[in-house]
$ cat final-v7.cif   # mmCIF, C-alpha atoms
data_model
#
loop_
_atom_site.label_atom_id
_atom_site.label_comp_id
_atom_site.auth_asym_id
_atom_site.auth_seq_id
_atom_site.Cartn_x
_atom_site.Cartn_y
_atom_site.Cartn_z
CA MET A 142 37.64 33.10 -57.21
CA ASN A 143 34.30 31.39 -56.98
CA ARG A 144 33.21 31.10 -53.31
CA HIS A 145 30.09 29.30 -51.98
CA ARG A 146 28.07 31.22 -49.41
CA GLY A 147 25.14 30.00 -47.26
CA THR A 148 23.88 26.42 -47.08
CA SER A 149 23.00 24.03 -49.81
CA LEU A 150 19.66 22.29 -50.19
CA VAL A 151 21.22 18.95 -49.24
CA GLU A 152 22.61 20.37 -46.00
CA LEU A 153 19.20 21.79 -45.11
CA LEU A 154 17.52 18.47 -45.81
CA VAL A 155 20.03 16.62 -43.63
CA VAL A 156 19.46 19.03 -40.74
CA LEU A 157 15.69 18.72 -41.14
CA ALA A 158 15.91 14.94 -41.14
CA LEU A 159 18.02 14.93 -37.97
CA LEU A 160 15.63 17.31 -36.24
CA SER A 161 12.66 15.15 -37.23
CA VAL A 162 14.26 12.03 -35.80
CA MET A 163 15.09 13.81 -32.55
CA ILE A 164 11.58 15.21 -32.19
CA LEU A 165 10.12 11.78 -32.91
CA VAL A 166 12.27 10.10 -30.25
CA GLY A 167 11.57 12.88 -27.77
CA ALA A 168 7.83 12.68 -28.31
CA GLN A 169 7.88 8.94 -27.76
CA LEU A 170 9.75 9.41 -24.49
CA VAL A 171 7.19 11.95 -23.29
CA VAL A 172 4.27 9.68 -24.22
CA HIS A 173 5.93 6.71 -22.51
CA SER A 174 6.58 8.69 -19.36
CA MET A 175 2.95 9.87 -19.24
CA GLU A 176 1.75 6.27 -19.60
CA LEU A 177 4.14 5.21 -16.85
CA LEU A 178 2.90 7.86 -14.45
CA GLY A 179 -0.71 6.94 -15.09
CA ALA A 180 -0.06 3.24 -14.65
CA THR A 181 1.84 3.82 -11.41
CA GLY A 182 -0.91 5.99 -10.02
CA ARG A 183 -3.49 3.34 -10.82
CA ALA A 184 -1.34 0.60 -9.31
CA VAL A 185 -0.69 2.47 -6.06
CA SER A 186 -4.31 3.41 -5.53
CA ASN A 187 -5.83 0.32 -7.10
CA PRO A 188 -9.44 1.04 -6.18
CA LEU A 189 -10.37 -2.60 -5.67
CA VAL A 190 -7.47 -3.38 -3.34
CA VAL A 191 -7.94 -0.09 -1.50
CA HIS A 192 -11.59 -0.99 -1.03
CA VAL A 193 -10.75 -4.49 0.20
CA THR A 194 -8.15 -3.32 2.73
CA SER A 195 -10.57 -0.65 3.91
CA ARG A 196 -13.30 -3.28 4.32
CA LEU A 197 -10.98 -5.57 6.27
CA ARG A 198 -9.76 -2.70 8.42
CA HIS A 199 -13.33 -1.75 9.28
CA ASP A 200 -14.40 -5.34 9.99
CA VAL A 201 -11.48 -6.18 12.28
CA GLN A 202 -11.22 -2.88 14.11
CA GLU A 203 -14.96 -2.73 14.74
CA ALA A 204 -15.18 -6.34 15.93
CA ALA A 205 -15.81 -7.06 19.59
CA ALA A 206 -13.93 -10.38 19.59
CA LEU A 207 -12.72 -13.28 17.51
CA GLN A 208 -14.56 -16.58 17.54
CA TRP A 209 -11.21 -18.26 18.08
CA GLN A 210 -7.63 -17.03 18.17
CA ASP A 211 -4.46 -18.61 16.92
CA SER A 212 -0.98 -17.30 17.58
CA ILE A 213 0.50 -19.14 14.60
CA TRP A 214 -0.33 -18.37 10.99
CA THR A 215 -3.42 -20.18 9.78
CA GLU A 216 -5.19 -20.42 6.42
CA GLY A 217 -8.66 -20.99 7.84
CA PRO A 218 -11.50 -18.52 7.95
CA LEU A 219 -11.21 -15.52 10.22
CA VAL A 220 -14.45 -15.26 12.18
CA LEU A 221 -15.22 -11.96 13.89
CA ILE A 222 -17.99 -11.30 16.38
CA THR A 223 -19.42 -7.81 16.14
CA HIS A 224 -20.71 -5.82 19.09
CA ASP A 225 -24.32 -6.58 18.10
CA GLY A 226 -23.69 -10.32 18.05
CA THR A 227 -23.47 -10.95 14.31
CA TYR A 228 -20.68 -13.03 12.81
CA VAL A 229 -18.41 -11.88 10.00
CA SER A 230 -16.29 -14.52 8.32
CA ILE A 231 -13.41 -13.82 5.92
CA ALA A 232 -12.16 -16.87 4.05
CA LEU A 233 -10.37 -17.94 0.91
CA GLU A 234 -12.58 -19.99 -1.42
CA ASP A 235 -11.41 -21.07 -4.88
CA GLY A 236 -9.10 -18.12 -5.37
CA ASN A 237 -11.63 -15.61 -4.07
CA LEU A 238 -11.61 -13.80 -0.77
CA VAL A 239 -15.17 -14.17 0.48
CA ARG A 240 -16.81 -12.13 3.22
CA ALA A 241 -19.88 -13.71 4.81
CA GLN A 242 -22.00 -11.96 7.42
CA THR A 243 -24.59 -13.81 9.45
CA ALA A 244 -27.23 -11.56 10.97
CA SER A 245 -28.59 -14.15 13.39
CA PRO A 246 -28.24 -17.90 13.91
CA GLY A 247 -30.27 -19.89 11.40
CA THR A 248 -30.40 -17.20 8.74
CA PRO A 249 -28.39 -17.62 5.55
CA PRO A 250 -25.22 -15.52 5.50
CA ASP A 251 -24.79 -12.55 3.20
CA ARG A 252 -21.86 -13.78 1.11
CA ARG A 253 -19.83 -11.51 -1.13
CA VAL A 254 -16.59 -11.93 -3.01
CA ILE A 255 -14.43 -8.97 -2.02
CA LEU A 256 -11.24 -9.85 -3.94
CA ARG A 257 -10.54 -12.20 -6.84
CA GLY A 258 -7.24 -13.73 -7.84
CA VAL A 259 -6.17 -14.43 -4.27
CA THR A 260 -3.46 -17.09 -4.07
CA ALA A 261 -2.88 -17.12 -0.31
CA TRP A 262 -4.69 -15.99 2.82
CA TRP A 263 -3.12 -16.20 6.25
CA TRP A 264 -4.02 -14.70 9.60
CA ARG A 265 -2.87 -14.91 13.20
CA THR A 266 -3.31 -13.20 16.55
CA PRO A 267 0.19 -12.44 17.90
CA VAL A 268 -1.39 -11.23 21.13
CA GLU A 269 -4.99 -11.21 22.23
CA GLY A 270 -6.97 -8.57 20.37
CA VAL A 271 -4.45 -8.02 17.57
CA VAL A 272 -4.93 -9.56 14.13
CA ASP A 273 -2.23 -9.90 11.49
CA LEU A 274 -3.43 -10.50 7.93
CA ASN A 275 -1.33 -11.66 5.01
CA ILE A 276 -2.97 -11.67 1.58
CA THR A 277 -1.27 -12.63 -1.66
CA TYR A 278 -3.10 -11.79 -4.85
CA LEU A 279 -2.44 -11.47 -8.56
CA VAL A 280 -1.99 -8.06 -10.15
CA ASN A 281 -0.84 -6.64 -13.43
CA PRO A 282 2.93 -6.35 -13.63
CA GLU A 283 4.88 -3.27 -12.64
CA PRO A 284 4.07 -0.19 -14.72
CA GLU A 285 7.50 -0.19 -16.40
CA ARG A 286 6.70 -3.51 -18.04
CA GLN A 287 2.98 -2.89 -18.30
CA SER A 288 3.50 0.07 -20.61
CA SER A 289 5.98 -1.74 -22.83
CA ARG A 290 5.07 -2.84 -26.28
CA ASP A 291 5.67 -6.50 -25.58
CA VAL A 292 2.90 -8.73 -26.76
CA GLY A 293 1.13 -10.04 -23.67
CA TYR A 294 2.42 -10.24 -20.14
CA GLY A 295 1.90 -12.45 -17.14
CA LEU A 296 0.27 -11.57 -13.86
CA GLU A 297 2.43 -10.98 -10.82
CA ARG A 298 1.90 -11.78 -7.16
CA ARG A 299 1.58 -9.00 -4.66
CA GLN A 300 1.47 -9.37 -0.90
CA GLU A 301 -0.30 -7.19 1.62
CA ASN A 302 0.67 -7.37 5.30
CA LEU A 303 -1.86 -5.73 7.57
CA ARG A 304 -2.10 -5.45 11.35
CA PHE A 305 -5.23 -4.30 13.13
CA ALA A 306 -6.17 -4.00 16.80
CA ILE A 307 -9.70 -4.99 17.73
CA ARG A 308 -11.57 -2.25 19.55
CA GLY A 309 -15.22 -2.87 18.84
CA GLY A 310 -15.85 -3.86 22.46
CA GLY A 311 -15.73 -0.20 23.34
CA GLY A 312 -14.00 1.60 26.18
CA GLY A 313 -11.38 -1.08 26.75
CA ALA A 314 -7.64 -0.97 26.61
CA ARG A 315 -7.58 -0.93 22.79
CA TRP A 316 -9.06 2.56 22.58
CA MET B 268 17.54 19.19 -27.47
CA ALA B 269 14.21 17.38 -27.71
CA VAL B 270 15.79 14.22 -26.32
CA VAL B 271 17.25 16.09 -23.36
CA VAL B 272 13.91 17.73 -22.58
CA ALA B 273 12.05 14.43 -22.92
CA ALA B 274 14.57 12.67 -20.69
CA GLY B 275 13.97 15.35 -18.09
CA PHE B 276 10.23 14.73 -18.30
CA LEU B 277 10.78 10.99 -17.96
CA ASP B 278 12.99 11.40 -14.92
CA ALA B 279 10.50 13.72 -13.25
CA HIS B 280 7.67 11.30 -13.85
CA MET B 281 9.67 8.32 -12.65
CA SER B 282 10.50 10.27 -9.51
CA ALA B 283 6.82 11.07 -8.98
CA ALA B 284 5.92 7.41 -9.42
CA ARG B 285 8.51 6.33 -6.86
CA ARG B 286 7.27 8.93 -4.39
CA LEU B 287 3.70 7.69 -4.80
CA GLU B 288 4.74 4.11 -4.08
CA ALA B 289 6.89 5.17 -1.14
CA ARG B 290 4.12 7.29 0.34
CA SER B 291 1.75 4.32 0.20
CA ASP B 292 4.33 2.16 2.00
CA LEU B 293 5.01 4.79 4.64
CA VAL B 294 1.33 5.16 5.45
CA ARG B 295 0.99 1.40 5.84
CA ALA B 296 4.11 1.25 8.03
CA ALA B 297 2.82 4.01 10.27
CA GLU B 298 -0.54 2.27 10.55
CA THR B 299 1.17 -1.00 11.49
CA VAL B 300 3.10 0.72 14.28
CA LEU B 301 0.00 2.47 15.58
CA GLU B 302 -2.04 -0.71 15.62
CA SER B 303 0.83 -2.52 17.36
CA VAL B 304 0.95 0.13 20.06
CA ARG B 305 -2.81 0.14 20.41
CA GLY B 306 -2.98 -3.63 20.51
CA GLY B 307 -0.18 -3.99 23.03
CA THR B 308 2.44 -5.77 20.91
CA LEU B 309 4.63 -2.68 21.26
CA PRO B 310 5.17 -0.99 24.64
CA MET B 311 3.73 2.45 25.21
CA VAL B 312 7.12 4.15 25.24
CA SER B 313 8.89 6.54 22.88
CA GLY B 314 11.65 5.22 20.66
CA ASP B 315 12.63 3.75 17.33
CA VAL B 316 10.66 0.72 16.14
CA ASP B 317 11.99 -2.18 14.10
CA LEU B 318 9.22 -3.47 11.84
CA THR B 319 11.22 -6.17 10.08
CA ASP B 320 8.90 -9.02 11.07
CA GLU B 321 5.58 -7.23 10.76
CA PHE B 322 5.90 -5.14 7.64
CA GLN B 323 7.45 -5.53 4.20
CA PRO B 324 7.28 -2.50 1.90
CA LEU B 325 5.97 -3.07 -1.61
CA SER B 326 8.57 -0.74 -3.07
CA SER B 327 12.32 -0.97 -2.65
CA ILE B 328 12.69 1.46 0.22
CA ARG B 329 13.98 1.06 3.75
CA VAL B 330 11.39 2.35 6.18
CA ARG B 331 12.40 3.68 9.60
CA THR B 332 9.69 4.25 12.16
CA LYS B 333 9.65 6.13 15.43
CA VAL B 334 7.04 6.43 18.16
CA VAL B 335 6.65 9.44 20.43
CA VAL B 336 4.32 8.93 23.40
CA THR B 337 3.17 11.76 25.66
CA THR B 338 0.85 11.47 28.61
CA LYS B 339 -2.36 13.44 28.65
CA ILE B 340 -5.09 14.27 31.11
CA PRO B 341 -7.02 12.33 32.38
CA GLN B 342 -4.65 9.66 33.57
CA GLY B 343 -4.57 6.72 31.17
CA LEU B 344 -4.87 8.84 28.06
CA PHE B 345 -1.83 9.03 25.79
CA SER B 346 -1.03 10.96 22.66
CA VAL B 347 0.87 8.73 20.24
CA ARG B 348 2.73 10.12 17.25
CA VAL B 349 4.29 7.81 14.67
CA ASP B 350 6.87 8.98 12.13
CA ALA B 351 7.59 6.72 9.15
CA ARG B 352 10.60 7.88 7.19
CA ALA B 353 12.46 6.74 4.06
CA MET B 354 14.94 8.07 1.55
CA VAL B 355 13.31 8.24 -1.88
CA ARG B 356 15.66 9.23 -4.68
CA SER B 357 17.89 11.16 -2.27
CA GLU B 358 14.89 12.92 -0.75
CA ASP B 359 13.87 12.36 2.87
CA MET B 360 10.15 11.54 2.92
CA VAL B 361 8.23 11.50 6.20
CA ILE B 362 4.66 10.52 7.04
CA THR B 363 3.37 11.41 10.49
CA ILE B 364 0.20 10.11 12.12
CA THR B 365 -0.94 11.29 15.53
CA THR B 366 -3.72 9.73 17.53
CA GLN B 367 -4.79 9.17 21.11
CA VAL B 368 -4.78 5.85 22.94
CA TRP B 369 -6.77 5.08 26.04
CA ARG B 370 -4.85 2.76 28.34
CA PRO B 371 -6.45 3.02 31.81
#

$ encode --input "final-v7.cif" --output "structure tokens"
Amino acid sequence: MNRHRGTSLVELLVVLALLSVMILVGAQLVVHSMELLGATGRAVSNPLVVHVTSRLRHDVQEAAALQWQDSIWTEGPLVLITHDGTYVSIALEDGNLVRAQTASPGTPPDRRVILRGVTAWWWRTPVEGVVDLNITYLVNPEPERQSSRDVGYGLERRQENLRFAIRGGGGGARW
Amino acid sequence: MAVVVAAGFLDAHMSAARRLEARSDLVRAAETVLESVRGGTLPMVSGDVDLTDEFQPLSSIRVRTKVVVTTKIPQGLFSVRVDARAMVRSEDMVITITTQVWRP
């Protein structure tokens, strides 16, 4: 009787091919997941948006008063009066959120674009001394789609809702 | 085997990404509550807070917030603690911020 023992070359090649395919797919999954994690981390702590919200937080909280208040949502500029009498204006101009600070009356304001790609800017004062901000801006899409291999992708809108209490007057009820 | 291991990696990383997003939302929710208390739109009393009108999370989580107010000395000084809580992939995530408010 002639019996075959062990494995043939063809069987070995088939096993090797299967292993190669599995390793290839697995490696791609690992790479994709690493890209996803990185993209999510960048999106959550988007340095520009973090900087802008920090700037707005500082401006509003440190303000002594608003030039005018409005209890309903308005698109106009938000004008803050600081404790040393300077004016800080935040306004939407041609898709840019612009911060302008006037040191004293008659001097040209220091104007800076703090965020680009802004599609909507709203603010209100639900009660005196409290400012609600609503900013809609364009961002890259969610990381799941951002890390795909699709050719090109569109920008998405993202909305920030912020509430700050003014306390730059010092020693008042907002402290 | 490789696919199973890689899927595990992917799930772990997706979970980390969700937790990052949720943490960001919870911090913003807690800040909104604190500023509301400080500004007077919320009363200076302990209890659960409904933020439906003031805050929308960027991620798909349901945020629950709670305020704990304790009086301090001198009179008019309060310690305010805000807990923002959400379930993220079957894990209870909590962010706590404590500050003092002067309300003479």

$ resolve_selection --input "final-v7.cif" --expression "the PyMOL selection byres ((chain B) within 9 of (chain A))" --output "VMD selection string"
chain B and resid 268 to 274 276 to 281 283 to 285 287 to 288 291 295 298 to 308 321 to 325 367 to 371

$ resolve_selection --input "final-v7.cif" --expression "the PyMOL selection byres ((chain B and resi 337) around 9)" --output "PyMOL selection string"
chain B and resi 312-313+335-336+338-339+344-348

$ closest_residue --input "final-v7.cif" --among "A:Leu219, A:Leu157, A:Ala241, A:Leu296" --to "Thr260 (chain A)" --atoms "only C-alpha atoms"
A:Leu296

$ resolve_selection --input "final-v7.cif" --expression "the PyMOL selection byres ((chain A and resi 229) around 9)" --output "list of chain:residue names"
A:Asp200, A:Ala204, A:Leu219, A:Val220, A:Leu221, A:Ile222, A:Thr223, A:Thr227, A:Tyr228, A:Ser230, A:Ile231, A:Arg240, A:Ala241, A:Gln242, A:Thr243, A:Ala244, A:Pro250

$ axis_aligned_box --input "final-v7.cif" --around "region 214-226 of chain A" --padding-each-side "4 Å" --output "AutoDock Vina command-line options"
--center_x -12.3 --center_y -13.4 --center_z 12.8 --size_x 32.0 --size_y 23.2 --size_z 20.7

$ atom_distance --input "final-v7.cif" --atom1 "CA of Thr266 (chain A)" --atom2 "CA of Thr194 (chain A)"
17.7 Å

$ atom_distance --input "final-v7.cif" --atom1 "CA of Ile255 (chain A)" --atom2 "CA of Asn275 (chain A)"
15.1 Å

$ atom_distance --input "final-v7.cif" --atom1 "CA of Val239 (chain A)" --atom2 "CA of Ala205 (chain A)"
20.4 Å
